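Student: A single structure is presented below for examination.
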Amino acid sequence: FLLLGYLSKVDGRVSQSETDYADRIIAQMALNTEQGQHASELFRQGAGSAFELEPVVSAFVNNCGPQHLPQHTLLLFLISLAQAEHGIAPSEQATLVRIARLMGVDAAQLERLLLMANAQQQFQQQSPQSTASIEDAYAALGVNSSASDKEVKHAWRKRLSENDPDK
């Protein structure tokens, strides 16, 4: 929530859509009242002028240990927040690159996450009558259209595992 607040503020002000996004995450996490208030306070702290990015990211990376999934998941949340206002602003893009670099996520991995998030957002915005392109489906899974059936199946199972509510 600190990083969500920080990213919200980099373009100059925290918008209502960014605040609403943080509130939706709090609701999805089914936090109790006290936890929700704490999460909201962390969001406000992250958006504050006294917030320091490097120690927070460093502590997060240290807590994750050798696991990269929490870092990628956090980056996807941050990307989704940045997309909340009709696309990612240049200042938000630069901040995402900076956060990814501090996490040890290289530019190619970040670009893959951005493509996945963009494809997923397009799927969510489509009406039931519209048809998504097969390229969008591959991008949402994070594979190329030239991927083998085995690779597609592996990517699908990986995404399914990442989004398992029991994990």
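Chain labels follow the order of the structure tokens: the first chain is A, the next B, and so on; residue numbering restarts at 1 in every chain, and ligands are counted from 1 in their shown order.
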Excluding range 140-157 of chain A and its own-chain neighbours fewer than 3 positions away, which residues fall within 7 Å of it when counting only C-alpha atoms? Please give them as a compact mmCIF listing (two decimals) with C-alpha atoms, in the first residue's frame.

Tutor:
```txt
# COMPACT_ATOMS: atom_id res chain seq x y z
CA ARG A 112 6.45 -8.76 -20.27
CA MET A 116 0.34 -9.07 -19.77
CA ALA A 117 -1.39 -6.40 -17.71
CA ALA A 119 -3.86 -7.63 -22.45
CA GLN A 120 -5.70 -8.53 -19.24
CA GLU A 135 -2.54 -12.37 -29.93
CA ASP A 136 -4.17 -10.74 -26.90
CA ALA A 137 -4.75 -14.16 -25.37
CA LEU A 160 -3.79 -20.24 -12.58
CA SER A 161 -1.45 -21.09 -9.71
```

Student: For each of A:Leu96, A:Ala84, A:Leu31, A:Ile26, take the minimum atom-to-atom distance to Leu3 in chain A, counting only C-alpha atoms, then give the residue where this is smallest.

Tutor: A:Leu96

Student: As a ChimeraX atom specification, please: every residue in chain A that a backbone DSSP assignment puts in helix (DSSP H, G or I).

Tutor: /A:2-9,16-28,33-47,53-64,69-85,90-103,107-125,134-141,149-162

Student: If we count only C-alpha atoms and set the cut-off at 9 Å, which residues sit around range 35-39 of chain A, ignoring sequence neighbours fewer than 6 positions away in its own chain? Please answer as a CSV table (one decimal) with N, CA and C atoms, in the first residue's frame.

Tutor:
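Output saved as selection.csv:
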```
chain,number,residue,atom,x,y,z
A,1,PHE,N,0.8,-1.2,0.0
A,1,PHE,CA,0.0,0.0,0.0
A,1,PHE,C,0.9,1.3,0.0
A,2,LEU,N,2.0,1.2,0.6
A,2,LEU,CA,3.0,2.3,0.5
A,2,LEU,C,3.4,2.6,-0.9
A,22,ALA,N,-7.2,1.4,-4.8
A,22,ALA,CA,-6.7,1.0,-3.5
A,22,ALA,C,-7.8,0.4,-2.6
A,23,ASP,N,-9.0,1.1,-2.6
A,23,ASP,CA,-10.1,0.7,-1.9
A,23,ASP,C,-10.6,-0.7,-2.3
A,26,ILE,N,-8.4,-3.4,-1.0
A,26,ILE,CA,-8.7,-3.6,0.4
A,26,ILE,C,-9.9,-4.4,0.6
A,27,ALA,N,-10.9,-4.1,-0.2
A,27,ALA,CA,-12.2,-4.9,-0.2
A,27,ALA,C,-11.9,-6.4,-0.7
```

Student: I want to know what sits within 8 Å of Val97 in chain A, based on only C-alpha atoms, with residues of the same chain fewer than 3 positions away left out; could you give that as a list in words?

Tutor: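 Once the nearby chain positions are removed, what remains is Gln93, Ala94, Ala100, Arg101, Ala107 and Leu110 of chain A.
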
Student: For Leu74 in chain A, work out the shell of residues within 12 Å, counting only C-alpha atoms and skipping chain neighbours fewer than 5 positions away, then give it as a PyMOL selection string.

Tutor: chain A and resi 1-4+25+57+60-61+64+68-69+79-81+96+99-100+103+105+110+113+162

Student: May I have the residues from that selection written out with C-alpha atoms, as a CSV table (one decimal), in the first residue's frame?

Tutor:
```csv
chain,number,residue,atom,x,y,z
A,1,PHE,CA,0.0,0.0,0.0
A,2,LEU,CA,3.0,2.3,0.5
A,3,LEU,CA,4.1,1.7,-3.1
A,4,LEU,CA,0.6,2.1,-4.4
A,25,ILE,CA,-7.9,-4.0,-3.3
A,57,VAL,CA,11.5,-1.8,-1.7
A,60,PHE,CA,10.1,-6.0,0.6
A,61,VAL,CA,12.8,-7.8,-1.4
A,64,CYS,CA,10.6,-12.2,-0.2
A,68,HIS,CA,10.3,-13.7,-7.4
A,69,LEU,CA,6.5,-14.3,-7.6
A,79,ILE,CA,0.8,-1.6,-13.2
A,80,SER,CA,-2.9,-2.0,-12.8
A,81,LEU,CA,-3.0,1.1,-10.6
A,96,LEU,CA,7.7,1.4,-12.4
A,99,ILE,CA,10.8,0.1,-8.6
A,100,ALA,CA,11.5,-3.0,-10.9
A,103,MET,CA,13.6,-5.3,-7.0
A,105,VAL,CA,13.5,-7.2,-12.1
A,110,LEU,CA,8.9,-5.6,-16.7
A,113,LEU,CA,4.4,-7.8,-17.2
A,162,GLU,CA,-0.4,-17.4,-9.2
```

Student: Here is a test: counting only C-alpha atoms, which residue of A:Gln28, A:Phe43, A:Leu102, A:Gln16 is nearest to Ser58 in chain A?

Tutor: A:Leu102

Student: If I take CA of Gly46 in chain A and CA of Pro70 in chain A, how far is one from the other in Å, to one decimal?

Tutor: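 CA of Gly46 in chain A sits 19.1 Å away from CA of Pro70 in chain A.
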